[in-house]
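Read the structure below first, then the notes.
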Amino acid sequence: MNSTTTSAPVAPQVHLSPNQRAWMRFKRNRPAVIGGIALILLVLITIIWPLFSSPAIAKILPKQLTYSQEAISNAQFERPSANHWFGTDIHGRDLLTRIFYGARISLIVGAVGAFVSLIIGVSWGAIAGYVGGRTDNIMMRFVDIMYALPSIIFVIVLKSTFEKQLAGWLSKTFSPQTANYASMLFLFIGLGAVSWLTMARIVRGQVLSLRGRNFVEASRTLGASHARILWKHILPNIYGIIIVYLTLTVPAIILYESFLSYLGLGIQPPQASWGSLIAEAVQEINPIRIYWWLLVFPGAMLVSTLLALNFLGDGLRDAFDPRGNK
Amino acid sequence: MKRSTTFLGRFPGRLVQSFQRFTFLPFVAATALLSSSCLEEQKADIVIINGAEPGTLDPAIVTVQADARISHSLFEGLARLNPVDATPIPALAEKWEISEDAKTYTFHLRTNLIWSTGEPITSKDVVYSWIRVLDPITASEYAGQLFYVKNGEEFSSGKIKDPSLVGIKALDAYTLKVELVNPTPFFLDLCALTTLAVVPQKTIEKYGDRWIMANPLPTSGSYTLETWRIHDKIRLRKNPRHWDAQNTRNNIIDLLPSESAMTAMNLYQAGQADVIWDKNLIPGELMDVLRKQPDCHLYDYLGTFFMRFNTTKKPFNDPRVRKALALTIDKQRIVERITKSGEKPADHFVPNGMTIYKSPDGYGYDPEQARKFLAEAGFPGGKGFPTFQYLFKVGETDKQIGVELQAMWRDQLGINMELRPAETKVYYTSVTAMDYDVARSSWIGDYNDPNTFLDMFLSNGGNNRTGWKNPRYDDLLREGNRQLDVKKREQILQKAETLLIHDEMPIAPIYYYAGVLFFRTNEIEGIYYNLLDEHPFQAIGRKQAKGKL
Amino acid sequence: MYFLRRILQMIPVLLVVSFIGFMLLRAMPGNPFDSERKPATPEIERNLQAKFHLDESLWKQYLRYLGVVGDAYVNVSGVAPAETGRMQENDFFQTDSQPLSDAEKKEIIQLADQTYTDPAPVGTKRVFLIGKDSETLRTNAPVRTEDERVGYVEGRLKAKPNVAIVRLTQPDLVSAEVKASVKWAKSGLINGDLGPSLKYRNHTVNDIVKQCLPVSMTLGLLAFFFAMATGIPLGCYMALRRGEWGDYVGGFVAMLSFCIPSIVIAPLLILWLAVKLKILPIALWESPWHAILPTMVLGLYFSGRIARLMREGLSTTLNAEFITTARAKGVSESAILWKHAFRLAILPVLSYSGPLLADLLTGSFVVENIFQIPGLGVFFINSIFNKDYLMTVGLVLLYALLLLVINLLVDASYSLLDRRVRNE
């Protein structure tokens, strides 16, 4: 609440658009800014990382950064050392490299989940809650049905029915290497298909509660259109819960991918994702010895990324909160 | 705590028991916490971590070895396996005669056989049990084990409807005559299989598929089934009416189903279980440490891990390509770094250790030669070799082997392989439909004879699944199995195996499984190492107090 | 009225779920009976398919699952033709009243003798079953008295389809004065029968649900209460300390809880509390002590989420107009919190807890696997991979039913807590 009270005198003096004001507020929120910068850095590193192992660039970089993702070696289960900063796995592959390759998949998975639940989940829930009546009933029963059917089945059926065709099409239209993405795509679709359901339920519940309130009634009597009421009056009031639930969806979906990897339905080996790295590391937790680096490094990456995401989410939420204008 | 099965009606009496366990709601749980333990079940003499939850204990339907072990302790056949070396010894049959042409067996049952519920066991029960395995209604996956018996196959496929035409007849209450299609050197081993065990006709006809859950359940083996709580526990109690009951060492045996190797090992280390004997329940990643402990027992075992090539697909229709791929597999590395449980690199298909057979030599690890083969086949340095897929079933070890193979082939031959993991059932379906390029495979022998391995690759064999058809191989195998002279038979079968693992290589052997057992040698006895990994429950017991030793 | 309608709506929803579920499952690749070793002949495979009706058309299989299509069986009463051996003139069971002439009987016996050249095996007996309705009998249809199975239908005469050949396996339980009738077996969903399991062949799906659901429900409820009891106070604390250190620390703790999956936390806790300190059991499900670790593992994962939602709900509510009004009126802070704010603040948690509770009650694969708990969660996943179709559909339906009921309860409590929400 501190941040909102200090911002109060600023707002009325200069004429700024609501978005500009939100941006001002956001900039003042230190954790949120740091979180945002960290995330952007991570995305950048992830994008350029594969370039490191290409011969031309590898010459100028320390060799610790240039291991290829797939090269196996005799250095099985090596502790973190000068050679391998994050240690190695059962095949003697460098963990640092695998974590940054894994970041791509995990970040995409998280983004897909967030995107689907934001677009489909929010609009579905908002419409159901706002329109109410029979529409609401039908829409929510659809959510129930989708929720009841295990998403694993979706993933399996999608993969088995369409993967071959898509892989064939991809390798013909683009290059043979892209055929690999077919299975990934279905993984994303399968994960996306379930990620929006709870969001829809939560948003619907909130809208249901808001649409009876005075300010909504008021703007209705003033002749505002439904879309406008929904967009301008109701949604801003539930930004908070939407962002919070998004920050819950992203880790859930990343970890769900790890569960699928564990069942063999996730990412195609030898590729890695943070989830699959964690699932592999779990095997090495036992009373006799613990190859701790296998768990700690991917785990720490996951937690710190999500922490950054969380701070960013909180910052955005505070910045756009209409009540913050006071 | 007494079990009452009356209040919930007659049949699935056994199913009701679980309610008396810890299934009450949290509020009750809280109060129960204060009143200490709510469970006063009698302690078992021996607790064994057996394997995954059994699919069935019906001997005719059992296909999983872990399930068969339990089933076999409940139901016995004409012969059973010697616990020491897993050779067939008399069980329900006291003795038998084999005719000159080795095609007719006459079995003499013991006259003192009774079911655990008190009724006599006669030759009629044996006939019923065998016919039941063949009967299409039973839908037994292992019905094939009785196809060596005259008209067995015809009856099973419905070509003849009359069970009395099948070559098994009860001459009187204690004598049985079995006619075979061909001389079958391993027929007595078959008689000791769980599939051919003797089961109670009345109970089965009364209850249908759920007959195992009948209470009381008449059993013919050394134990009776006391409890079967799904995914929780199976409790066996000694059958005092078994003909050999004086040699049954334990009163109560508990079998815990488990699907997590780490949990199994933790329970064992904490002393809550006495034996682990399922390969899937041994944490492979720890075996380099565990195998040095005195309670870890490693021994030879009739199982081979190998690769199938789809010989109907280009370029795998070329034996040189298959050989090139096979010769590049660094089996030593896989065994030492990945599987770690005492497996041995395999250069031939039939595992070592069979008394009547020694395999011919195959290829070892030789990337130099492999590159030559590949060049001869038209792909020097791997140029022009299409990207292909390696099919395997989901699982950590299989995945790791796949990753290793991928790198070996890429680095040594310059060819590109993609990993294609599939769920277990999909994997099997794909292999059967020949929808693969190269596939991981494994085979566990049913009986101590090379035939249990070699007959897989007969041209029309259902387990062939490589598309490899070789009439000479078929002839050699047929000839070998007709041959009664052991030495000559060995030579003929060696010729056949040479075709398989040297000349043609539709498969590439990778390693032989090792038998792994965990039990504390100073507490438990009666578990022996044998090729079939069979450990009859009857022989297993706790060592007596030190004074006696 | 609204809720009555919602309850009635469950029926079509469940039907849709069962239909989509059934068809999706059957669209999956793989066959329940494929394994490392193939049966010796294709006929054996066909027998297996036939036994579980997998050889029928998908529509028929689905209708059979619902219980609309079922199997006929023969119901007989009375005590038996004592002699066994070849079929004779008095071995006729009739299901309708038209008497047969001797000539007809002779003809039938003759026809039968041509098809069934062998005598029935010792101890069993063949008889004829005649009547229009006997045409509905499949081969292998059971023949039963009121409480026991006494035989099965062996086949039907080609020339006279209304004559079924019945093999009595327990002939001493059926008598000369026999009354026979063809009846439809009570099976399928409409009779509460979830069908057989293709993998656990000595059990039906009902058997397994009956044994395992109570265990999963116990564990699920415990975990739910654990998650609520830790999550809600933490969330309230964070909301009241919004923007202060307490908020950040609490947020970090909550975040750890939902970033660390149970596959990681479970082995770590076992290692620490059960193996090293030996204060809790490693696994199994035998006493209340055994429930502690799994409850914690299962509950922890959700308590962080609940804390986040609670924090959001409470801090939004505390900013709302009516709270400000109440403050201005001089209502005490604690009264504001408990009387006004809390009721609205809990709503997001409530929405979330509907599906959560349904999830928890039907068991968790990971926790049940690691702690070797005999619950349903393991079956949920394994049955999909085993292609144990009927088991999966059954469990999905069970889950759907729980979900619908709980969501209904959630919606009901919504209008109780927030009077502005009208359910119409």
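Labels for the structure tokens follow display order: chains A, B, ..., residues from 1 in each chain, ligands from 1.
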For range 262-277 of chain B: contacts at 9 Å, only C-alpha atoms, fewer than 6 positions along chain excluded, given as a compact mmCIF listing (two decimals) with N, CA and C atoms, in the first residue's frame:
```txt
# COMPACT_ATOMS: atom_id res chain seq x y z
N GLN A 283 15.39 -39.41 -9.77
CA GLN A 283 15.89 -40.77 -9.68
C GLN A 283 17.14 -40.86 -8.84
N ILE A 285 17.79 -39.18 -6.13
CA ILE A 285 17.62 -38.86 -4.71
C ILE A 285 17.42 -40.16 -3.97
N ASN A 286 18.34 -40.57 -3.17
CA ASN A 286 18.19 -41.82 -2.45
C ASN A 286 19.09 -41.82 -1.24
N PRO A 287 18.87 -42.77 -0.34
CA PRO A 287 19.61 -42.74 0.92
C PRO A 287 21.10 -42.96 0.72
N ILE B 46 7.38 -64.03 6.38
CA ILE B 46 8.29 -63.45 5.39
C ILE B 46 7.52 -62.43 4.56
N VAL B 47 8.14 -61.30 4.31
CA VAL B 47 7.51 -60.28 3.47
C VAL B 47 8.34 -60.14 2.20
N ILE B 48 7.68 -60.28 1.08
CA ILE B 48 8.38 -60.23 -0.19
C ILE B 48 7.84 -59.07 -1.01
N ILE B 49 8.71 -58.26 -1.55
CA ILE B 49 8.27 -57.23 -2.49
C ILE B 49 8.29 -57.88 -3.86
N ASN B 50 7.12 -58.07 -4.40
CA ASN B 50 6.98 -59.02 -5.49
C ASN B 50 7.08 -58.41 -6.87
N GLY B 51 6.46 -57.26 -7.08
CA GLY B 51 6.42 -56.68 -8.42
C GLY B 51 5.21 -55.78 -8.50
N ALA B 66 6.19 -62.28 -12.19
CA ALA B 66 5.93 -61.98 -10.79
C ALA B 66 4.56 -62.53 -10.36
N LEU B 256 4.05 -57.75 -1.23
CA LEU B 256 3.69 -56.35 -1.42
C LEU B 256 3.85 -55.98 -2.89
N PRO B 283 16.62 -50.41 -8.01
CA PRO B 283 17.03 -49.11 -8.56
C PRO B 283 18.35 -49.24 -9.31
N GLY B 515 20.17 -62.06 -13.23
CA GLY B 515 19.21 -62.21 -12.16
C GLY B 515 19.69 -61.38 -10.98
N VAL B 516 18.78 -60.63 -10.36
CA VAL B 516 19.15 -59.86 -9.18
C VAL B 516 18.20 -60.20 -8.06
N LEU B 517 18.74 -60.51 -6.92
CA LEU B 517 17.91 -60.77 -5.75
C LEU B 517 18.46 -59.99 -4.58
N PHE B 518 17.56 -59.49 -3.76
CA PHE B 518 18.02 -58.91 -2.51
C PHE B 518 17.40 -59.69 -1.36
N PHE B 519 18.21 -60.32 -0.57
CA PHE B 519 17.72 -60.89 0.69
C PHE B 519 18.92 -61.04 1.61
N ARG B 520 18.66 -60.96 2.89
CA ARG B 520 19.77 -61.01 3.84
C ARG B 520 20.16 -62.46 4.06
N GLU B 523 19.59 -64.32 7.28
CA GLU B 523 18.23 -64.49 7.80
C GLU B 523 17.38 -65.43 6.96
N ILE B 524 17.54 -65.34 5.67
CA ILE B 524 16.66 -66.07 4.76
C ILE B 524 17.43 -67.16 4.05
N ASP B 533 15.13 -67.95 -12.97
CA ASP B 533 14.74 -67.00 -11.95
C ASP B 533 13.46 -67.45 -11.24
N PRO C 267 10.42 -37.75 -2.18
CA PRO C 267 11.64 -38.48 -1.82
C PRO C 267 12.47 -37.73 -0.78
N LEU C 271 13.41 -39.27 2.74
CA LEU C 271 14.82 -39.41 3.09
C LEU C 271 15.10 -38.82 4.46
N VAL C 275 13.82 -42.08 6.62
CA VAL C 275 15.03 -42.91 6.57
C VAL C 275 16.07 -42.42 7.58
N ILE C 282 8.09 -45.20 6.13
CA ILE C 282 8.60 -44.93 4.78
C ILE C 282 7.47 -44.93 3.76
N ALA C 283 6.64 -45.94 3.85
CA ALA C 283 5.57 -46.09 2.86
C ALA C 283 4.51 -47.03 3.43
N ASN C 369 2.04 -43.73 -5.82
CA ASN C 369 3.11 -44.56 -6.32
C ASN C 369 4.29 -44.58 -5.36
N ILE C 370 4.70 -43.41 -4.92
CA ILE C 370 5.89 -43.33 -4.09
C ILE C 370 5.63 -43.91 -2.70
N PHE C 371 4.44 -43.66 -2.16
CA PHE C 371 4.15 -44.15 -0.81
C PHE C 371 3.46 -45.50 -0.82
N GLN C 372 3.31 -46.08 -1.98
CA GLN C 372 2.67 -47.39 -2.10
C GLN C 372 1.32 -47.43 -1.39
```
Exercise for review: Check every residue of chain B for an atom within 9 Å of chain A, counting only C-alpha atoms, and provide those that qualify as a VMD selection string.
Suggested key: chain B and resid 262 266 283 285 to 286 289 to 290 337 to 338 393 to 396 399 to 400 402 to 404 407 to 408 418 to 423
Check your understanding: Mind checking DSSP for range 181-350 of chain C and telling me the strand (DSSP E or B) residues as a PyMOL selection string?
Key -> chain C and resi 181-184+196+204
Store the residues picked out above in a file with all heavy atoms, as a tab-separated table (two decimals), in the first residue's frame.
```
chain	number	residue	atom	x	y	z
C	181	SER	N	-36.22	-69.65	-18.68
C	181	SER	CA	-36.60	-68.40	-19.32
C	181	SER	C	-35.34	-67.67	-19.73
C	181	SER	O	-34.29	-67.81	-19.10
C	181	SER	CB	-37.43	-67.54	-18.38
C	181	SER	OG	-36.71	-67.32	-17.21
C	182	VAL	N	-35.45	-66.90	-20.80
C	182	VAL	CA	-34.31	-66.10	-21.23
C	182	VAL	C	-34.46	-64.71	-20.65
C	182	VAL	O	-35.53	-64.09	-20.76
C	182	VAL	CB	-34.25	-66.04	-22.76
C	182	VAL	CG1	-33.16	-65.08	-23.20
C	182	VAL	CG2	-33.98	-67.42	-23.32
C	183	LYS	N	-33.44	-64.24	-19.98
C	183	LYS	CA	-33.52	-62.92	-19.35
C	183	LYS	C	-32.35	-62.06	-19.80
C	183	LYS	O	-31.35	-62.57	-20.28
C	183	LYS	CB	-33.45	-63.07	-17.83
C	183	LYS	CG	-34.68	-63.73	-17.26
C	183	LYS	CD	-34.74	-63.54	-15.78
C	183	LYS	CE	-36.07	-64.05	-15.26
C	183	LYS	NZ	-36.09	-64.12	-13.82
C	184	TRP	N	-32.50	-60.77	-19.60
C	184	TRP	CA	-31.40	-59.86	-19.92
C	184	TRP	C	-30.60	-59.60	-18.67
C	184	TRP	O	-31.14	-59.28	-17.63
C	184	TRP	CB	-31.94	-58.55	-20.49
C	184	TRP	CG	-32.51	-58.77	-21.83
C	184	TRP	CD1	-33.82	-58.99	-22.13
C	184	TRP	CD2	-31.80	-58.86	-23.05
C	184	TRP	NE1	-33.97	-59.21	-23.47
C	184	TRP	CE2	-32.74	-59.14	-24.06
C	184	TRP	CE3	-30.45	-58.74	-23.40
C	184	TRP	CZ2	-32.38	-59.29	-25.39
C	184	TRP	CZ3	-30.09	-58.88	-24.71
C	184	TRP	CH2	-31.06	-59.16	-25.71
C	196	PRO	N	-16.00	-54.98	-16.68
C	196	PRO	CA	-14.79	-55.70	-16.27
C	196	PRO	C	-13.54	-54.88	-16.53
C	196	PRO	O	-13.55	-53.94	-17.30
C	196	PRO	CB	-14.80	-56.94	-17.17
C	196	PRO	CG	-15.47	-56.47	-18.41
C	196	PRO	CD	-16.47	-55.42	-18.00
C	204	THR	N	-13.58	-56.68	-11.22
C	204	THR	CA	-14.32	-55.75	-12.06
C	204	THR	C	-13.93	-54.34	-11.64
C	204	THR	O	-13.30	-54.15	-10.60
C	204	THR	CB	-15.84	-55.91	-11.85
C	204	THR	OG1	-16.12	-55.61	-10.49
C	204	THR	CG2	-16.30	-57.31	-12.17
```
Review point. What is the distance, in Å and to one decimal place, between CA of Glu141 in chain B and CA of Thr136 in chain C?
Key: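 Between CA of Glu141 in chain B and CA of Thr136 in chain C the gap is 28.7 Å.
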**Study point:** Selection near Pro236 in chain A, 12 Å with only C-alpha atoms, sequence-local residues under 3 positions removed, as a ChimeraX atom specification
**Key:** /A:126,203,206-207,210,228-233,239-243,317-324 /C:316
Excluding range 253-255 of chain C and residues on its chain fewer than 4 positions from it, collect all residues at most 12 Å away from it, counting only C-alpha atoms, and give them as a short mmCIF file (atom, residue, chain, number, x, y, z; two decimals) with N, CA, C and O atoms, in the first residue's frame.
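So the final result, stored in result.cif, reads:
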```
data_model
loop_
_atom_site.label_atom_id
_atom_site.label_comp_id
_atom_site.auth_asym_id
_atom_site.auth_seq_id
_atom_site.Cartn_x
_atom_site.Cartn_y
_atom_site.Cartn_z
N VAL A 244 -2.71 -13.03 -10.74
CA VAL A 244 -2.29 -14.01 -9.73
C VAL A 244 -2.50 -15.42 -10.25
O VAL A 244 -1.62 -16.27 -10.15
N THR A 247 0.13 -16.39 -12.69
CA THR A 247 1.40 -16.77 -12.09
C THR A 247 1.31 -18.14 -11.43
O THR A 247 2.32 -18.75 -11.15
N LEU A 248 0.11 -18.59 -11.19
CA LEU A 248 -0.03 -19.97 -10.70
C LEU A 248 -0.07 -20.96 -11.86
O LEU A 248 0.37 -22.09 -11.75
N VAL A 250 1.43 -20.76 -14.83
CA VAL A 250 2.70 -21.00 -15.51
C VAL A 250 3.52 -22.10 -14.84
O VAL A 250 3.90 -23.07 -15.50
N PRO A 251 3.76 -22.02 -13.52
CA PRO A 251 4.50 -23.15 -12.93
C PRO A 251 3.74 -24.46 -13.04
O PRO A 251 4.34 -25.50 -13.27
N ALA A 252 2.42 -24.38 -12.89
CA ALA A 252 1.65 -25.63 -12.94
C ALA A 252 1.85 -26.30 -14.29
O ALA A 252 2.04 -27.52 -14.38
N LEU A 302 14.28 -22.83 -12.23
CA LEU A 302 12.82 -22.79 -12.30
C LEU A 302 12.26 -21.85 -11.25
O LEU A 302 11.47 -20.95 -11.54
N VAL A 303 12.74 -22.02 -10.02
CA VAL A 303 12.20 -21.21 -8.93
C VAL A 303 12.50 -19.74 -9.15
O VAL A 303 11.63 -18.88 -9.01
N SER A 304 13.76 -19.43 -9.56
CA SER A 304 14.06 -18.00 -9.69
C SER A 304 13.31 -17.38 -10.86
O SER A 304 12.87 -16.23 -10.79
N THR A 305 13.13 -18.14 -11.94
CA THR A 305 12.35 -17.61 -13.05
C THR A 305 10.92 -17.31 -12.60
O THR A 305 10.36 -16.25 -12.91
N LEU A 306 10.36 -18.24 -11.87
CA LEU A 306 8.98 -18.04 -11.45
C LEU A 306 8.87 -16.91 -10.43
O LEU A 306 7.89 -16.18 -10.40
N LEU A 307 9.91 -16.79 -9.62
CA LEU A 307 9.91 -15.71 -8.66
C LEU A 307 9.90 -14.38 -9.40
O LEU A 307 9.12 -13.46 -9.10
N ALA A 308 10.76 -14.28 -10.42
CA ALA A 308 10.82 -13.06 -11.22
C ALA A 308 9.45 -12.80 -11.85
O ALA A 308 8.94 -11.67 -11.83
N LEU A 309 8.87 -13.85 -12.35
CA LEU A 309 7.56 -13.73 -13.00
C LEU A 309 6.52 -13.22 -12.01
O LEU A 309 5.67 -12.38 -12.32
N ASN A 310 6.62 -13.72 -10.80
CA ASN A 310 5.68 -13.35 -9.76
C ASN A 310 5.78 -11.86 -9.41
O ASN A 310 4.78 -11.17 -9.31
N PHE A 311 7.02 -11.40 -9.23
CA PHE A 311 7.22 -9.99 -8.90
C PHE A 311 6.72 -9.12 -10.05
O PHE A 311 6.06 -8.12 -9.84
N ALA C 227 -3.98 -28.37 3.20
CA ALA C 227 -3.71 -27.24 2.30
C ALA C 227 -4.48 -26.00 2.75
O ALA C 227 -3.94 -24.89 2.77
N THR C 230 -3.07 -24.52 6.11
CA THR C 230 -1.81 -23.78 6.01
C THR C 230 -1.94 -22.60 5.05
O THR C 230 -1.37 -21.55 5.30
N GLY C 231 -2.67 -22.79 3.96
CA GLY C 231 -2.74 -21.77 2.92
C GLY C 231 -3.51 -20.53 3.32
O GLY C 231 -3.07 -19.40 3.09
N ILE C 232 -4.68 -20.71 3.94
CA ILE C 232 -5.53 -19.56 4.24
C ILE C 232 -4.87 -18.62 5.26
O ILE C 232 -4.79 -17.42 5.00
N PRO C 233 -4.36 -19.15 6.38
CA PRO C 233 -3.70 -18.22 7.32
C PRO C 233 -2.52 -17.51 6.68
O PRO C 233 -2.34 -16.30 6.86
N LEU C 234 -1.72 -18.24 5.90
CA LEU C 234 -0.57 -17.62 5.26
C LEU C 234 -1.03 -16.51 4.31
O LEU C 234 -0.45 -15.42 4.29
N GLY C 235 -2.08 -16.80 3.55
CA GLY C 235 -2.60 -15.80 2.61
C GLY C 235 -3.09 -14.56 3.34
O GLY C 235 -2.81 -13.43 2.94
N TYR C 237 -2.18 -13.49 6.26
CA TYR C 237 -1.02 -12.79 6.82
C TYR C 237 -0.37 -11.92 5.76
O TYR C 237 -0.07 -10.75 5.99
N MET C 238 -0.20 -12.50 4.58
CA MET C 238 0.45 -11.74 3.50
C MET C 238 -0.39 -10.53 3.11
O MET C 238 0.14 -9.44 2.87
N GLY C 246 7.20 -9.20 5.51
CA GLY C 246 6.44 -10.42 5.79
C GLY C 246 5.75 -10.93 4.54
O GLY C 246 5.69 -12.14 4.28
N ASP C 247 5.26 -10.00 3.74
CA ASP C 247 4.58 -10.36 2.50
C ASP C 247 5.55 -11.05 1.54
O ASP C 247 5.25 -12.10 0.98
N TYR C 248 6.75 -10.47 1.39
CA TYR C 248 7.71 -11.05 0.45
C TYR C 248 8.15 -12.44 0.89
O TYR C 248 8.23 -13.36 0.09
N VAL C 249 8.46 -12.56 2.20
CA VAL C 249 8.91 -13.87 2.70
C VAL C 249 7.80 -14.90 2.52
O VAL C 249 8.02 -16.00 2.00
N CYS C 259 6.26 -24.53 -6.66
CA CYS C 259 7.25 -24.78 -7.71
C CYS C 259 7.92 -26.13 -7.55
O CYS C 259 8.54 -26.63 -8.47
N ILE C 260 7.86 -26.68 -6.35
CA ILE C 260 8.53 -27.95 -6.14
C ILE C 260 7.49 -29.06 -6.29
O ILE C 260 6.58 -29.17 -5.48
N PRO C 261 7.60 -29.84 -7.32
CA PRO C 261 6.58 -30.86 -7.55
C PRO C 261 6.70 -32.00 -6.54
O PRO C 261 7.74 -32.17 -5.91
N LEU C 300 0.97 -29.79 0.59
CA LEU C 300 1.92 -28.68 0.45
C LEU C 300 1.84 -28.06 -0.93
O LEU C 300 1.89 -26.84 -1.08
N TYR C 301 1.73 -28.92 -1.93
CA TYR C 301 1.74 -28.44 -3.30
C TYR C 301 0.62 -27.44 -3.53
O TYR C 301 0.75 -26.51 -4.32
N PHE C 302 -0.50 -27.64 -2.83
CA PHE C 302 -1.64 -26.76 -3.07
C PHE C 302 -1.72 -25.62 -2.06
O PHE C 302 -2.39 -24.63 -2.31
N SER C 303 -1.06 -25.76 -0.92
CA SER C 303 -1.24 -24.72 0.09
C SER C 303 -0.66 -23.40 -0.40
O SER C 303 -1.20 -22.33 -0.12
N GLY C 304 0.42 -23.45 -1.17
CA GLY C 304 0.99 -22.22 -1.71
C GLY C 304 0.02 -21.52 -2.63
O GLY C 304 -0.13 -20.29 -2.61
N ARG C 305 -0.67 -22.30 -3.46
CA ARG C 305 -1.64 -21.70 -4.38
C ARG C 305 -2.78 -21.06 -3.61
O ARG C 305 -3.24 -19.97 -3.94
N ILE C 306 -3.22 -21.79 -2.60
CA ILE C 306 -4.34 -21.25 -1.84
C ILE C 306 -3.92 -19.96 -1.15
O ILE C 306 -4.67 -18.98 -1.11
N ALA C 307 -2.68 -19.95 -0.65
CA ALA C 307 -2.19 -18.74 0.00
C ALA C 307 -2.19 -17.56 -0.97
O ALA C 307 -2.65 -16.46 -0.64
N ARG C 308 -1.71 -17.79 -2.19
CA ARG C 308 -1.68 -16.71 -3.18
C ARG C 308 -3.08 -16.20 -3.48
O ARG C 308 -3.32 -15.00 -3.57
N LEU C 309 -4.00 -17.12 -3.69
CA LEU C 309 -5.37 -16.71 -4.03
C LEU C 309 -6.01 -15.97 -2.87
O LEU C 309 -6.72 -14.98 -3.04
N MET C 310 -5.73 -16.46 -1.67
CA MET C 310 -6.31 -15.84 -0.49
C MET C 310 -5.77 -14.42 -0.32
O MET C 310 -6.52 -13.48 -0.05
N ARG C 311 -4.49 -14.28 -0.51
CA ARG C 311 -3.87 -12.96 -0.38
C ARG C 311 -4.52 -11.99 -1.37
O ARG C 311 -4.89 -10.87 -1.01
#
```
Practice item. Would you kindly return, as a PyMOL selection string, each protein, DNA or RNA residue with an atom no farther than 12 Å from any atom of range 119-122 of chain A, considering only C-alpha atoms and excluding same-chain residues fewer than 4 positions away? Key: chain A and resi 111-115+126-130+139-140+143+192-207+230-231+234-235+238-239+241-243+245-246+249
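Computed from the coordinates, the CA of Asp136 in chain A to CA of Trp124 in chain A distance equals 9.4 Å.
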Review point. Using the chain letters and numbers from this document, which residues of range 100-178 of chain B does DSSP assign to helix (DSSP H, G or I), as a list in words?
Key: Ser123, Lys124, Asp125, Val126, Val127, Tyr128, Ser129, Trp130, Ile131, Arg132, Val133, Leu134, Ala143, Gly144, Gln145, Leu146, Gly152, Glu153, Glu154, Phe155, Ser156, Pro163, Ser164 and Leu165 of chain B
Point to revise | Contacts of Pro386 in chain B within 12 Å, only C-alpha atoms, excl. fewer than 2 positions in-chain, as a VMD selection string | key: (chain A and resid 176) or (chain B and resid 313 to 316 321 379 382 to 384 388 to 389 414 to 418 437)
